[in-house]
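These notes concern the structure reproduced below.
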Amino acid sequence: MDRRSKIIVFFEDLEIRQEAVHYAAALAKRTNAELIFLLLLRYDSDPSENPDSLRQKYRDVLRHHLLQMMKDDPPPMVEVRVGDPRSEFYKFMTAYSSFEAAVWGGNEYAVSSRAGRAAAHWLAQIENELECPVVVPRRRAGEAKKTNRRDKPEIG
């Protein structure tokens with residue numbers, strides 16, 4: 001049975017912050033941890049969309065995009081949850097054993113107290129409840145803005 005530790009990278013849309021992906025991949029290599037990417041898609045019961053087909057479509061797109069970003073790394077595990085992001089995050093965390101670290105790959109200011117609206121974001125509200133540290137990788141001071149580029153893959 002594989003008992004490797006796990007690192008989760010989670011976000012709410014397909015605007016993937018490269019610094020989060022690269023940070024998590026480097027941390028996983030250093031700690032010999034399994035890397036899991038979790039996309040939390042808000043879903044408000046649109047009858048014209050099937051949650052299962054949305055989940056599969058976004059999983060395929062995300063996996064393809066991550067493979068391009070992580071060329072030399074092993075293929076990551078990709079999970080897509082559809083519904084209320086906070087609720088789906090709790091369900092995901094319950095379904096898996098504990099994590100060594102959680103890496104936030106979404107908007108870096110969503111969980112920052114300097115953002116003004118941080119208390120409204122669900123992650124800011126539950127961050128202290130998690131049993132693992134939540135890391136929000138940021139661009140290093142002096143780096144060119146293009147290195148903080150957020151990639152958003154095309155959805156077909």
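Residues in the structure tokens are named by chain (A, B, ... in the order shown) and by number from 1 within that chain; ligands are numbered from 1 in the order shown.
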**Message:** If you run DSSP on the backbone here, which positions in region 23-110 of chain A get helix (DSSP H, G or I)? Please write them as a count of residues only.
**Reply:** 39
Go through region 23-136 of chain A and flag each residue having an atom no more than 6 Å from region 7-15 of chain A; for those, report the closest pair of atoms plus their distance in Å to one decimal, using only C-alpha atoms, ordered by chain and rising number, as CSV.
```
residue,atom,partner,partner_atom,distance
A:Leu35,CA,A:Ile7,CA,5.1
A:Ile36,CA,A:Ile8,CA,4.8
A:Phe37,CA,A:Val9,CA,4.8
A:Leu38,CA,A:Phe10,CA,4.5
A:Leu39,CA,A:Phe11,CA,5.3
A:Leu40,CA,A:Glu12,CA,4.7
A:Leu41,CA,A:Glu12,CA,5.7
A:Phe99,CA,A:Ile7,CA,5.7
A:Glu100,CA,A:Ile7,CA,5.7
A:Ala101,CA,A:Ile7,CA,5.1
A:Ala102,CA,A:Ile8,CA,4.8
A:Val103,CA,A:Val9,CA,4.6
A:Trp104,CA,A:Phe10,CA,5.4
A:Gly105,CA,A:Phe11,CA,5.0
A:Gly106,CA,A:Phe11,CA,4.6
```
**Message:** List as a list of chain:residue names the protein and nucleic acid residues near Glu129 (chain A), meaning an atom at most 12 Å away when only C-alpha atoms are counted, but skip any in the same chain fewer than 6 places from it.
**Reply:** A:Tyr90, A:Met93, A:Trp122, A:Leu123
**Message:** Please compute the CA of Asn107 (chain A)-CA of Asp84 (chain A) distance, one decimal, in Å.
**Reply:** 17.3 Å
**region 22-146 of chain A: residues DSSP assigns to strand (DSSP E), reported as a list in words** = Glu34, Leu35, Ile36, Phe37, Leu38, Leu39, Leu40, Leu41, Arg42, Met77, Val78, Glu79, Val80, Arg81, Val82, Gly83, Ala101, Ala102, Val103, Trp104, Val134 and Val135 of chain A
**Pick from A:Tyr109, A:Tyr43, A:Phe89, A:Tyr23, whichever lies nearest to Leu130 (chain A) using only C-alpha atoms** = A:Phe89
**Item:** Among the residues A:Ala33, A:Val135, A:Ile126, A:Met77, the one that comes closest to Glu19 (chain A) [using only C-alpha atoms]
**Value:** A:Val135
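Nearest to Ser53 (chain A) of all the residues A:Ala25, A:Val82, A:Ala124, A:Leu66 is A:Val82, counting only C-alpha atoms.
In this model, the gap between CA of Tyr58 (chain A) and CA of Asn128 (chain A) comes to 29.2 Å.
Contact shell of His64 (chain A) at 12 Å (only C-alpha atoms; same-chain neighbours under 2 positions omitted): Leu14, Lys57, Tyr58, Arg59, Asp60, Val61, Leu62, Leu66, Leu67, Gln68, Met69, Met70, Lys71, Pro75, Pro76, Met77, Val78, Lys152, Pro153, Glu154 and Ile155 of chain A.
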Using the selection just defined, write its residues with C-alpha atoms as a PDB file, in the first residue's frame.
```pdb
ATOM      1  CA  LEU A  14      -9.065  27.646 -14.899  1.00  0.00           C
ATOM      2  CA  LYS A  57     -14.782  17.988 -19.558  1.00  0.00           C
ATOM      3  CA  TYR A  58     -12.924  20.178 -17.065  1.00  0.00           C
ATOM      4  CA  ARG A  59     -10.850  17.259 -15.766  1.00  0.00           C
ATOM      5  CA  ASP A  60      -9.622  16.507 -19.304  1.00  0.00           C
ATOM      6  CA  VAL A  61      -8.864  20.165 -20.067  1.00  0.00           C
ATOM      7  CA  LEU A  62      -7.095  20.684 -16.757  1.00  0.00           C
ATOM      8  CA  LEU A  66      -1.077  20.827 -16.431  1.00  0.00           C
ATOM      9  CA  LEU A  67       0.893  18.310 -18.484  1.00  0.00           C
ATOM     10  CA  GLN A  68       2.029  21.193 -20.692  1.00  0.00           C
ATOM     11  CA  MET A  69       3.027  23.289 -17.662  1.00  0.00           C
ATOM     12  CA  MET A  70       4.793  20.403 -15.888  1.00  0.00           C
ATOM     13  CA  LYS A  71       6.682  18.936 -18.841  1.00  0.00           C
ATOM     14  CA  PRO A  75       1.410  13.277 -14.601  1.00  0.00           C
ATOM     15  CA  PRO A  76      -0.551  14.697 -11.682  1.00  0.00           C
ATOM     16  CA  MET A  77      -3.792  13.413 -10.244  1.00  0.00           C
ATOM     17  CA  VAL A  78      -6.634  15.757 -11.232  1.00  0.00           C
ATOM     18  CA  LYS A 152      -6.332  29.886 -18.795  1.00  0.00           C
ATOM     19  CA  PRO A 153      -6.790  26.923 -21.123  1.00  0.00           C
ATOM     20  CA  GLU A 154      -9.399  26.919 -23.813  1.00  0.00           C
ATOM     21  CA  ILE A 155     -12.562  24.942 -23.108  1.00  0.00           C
TER      22      ILE A 155
END
```
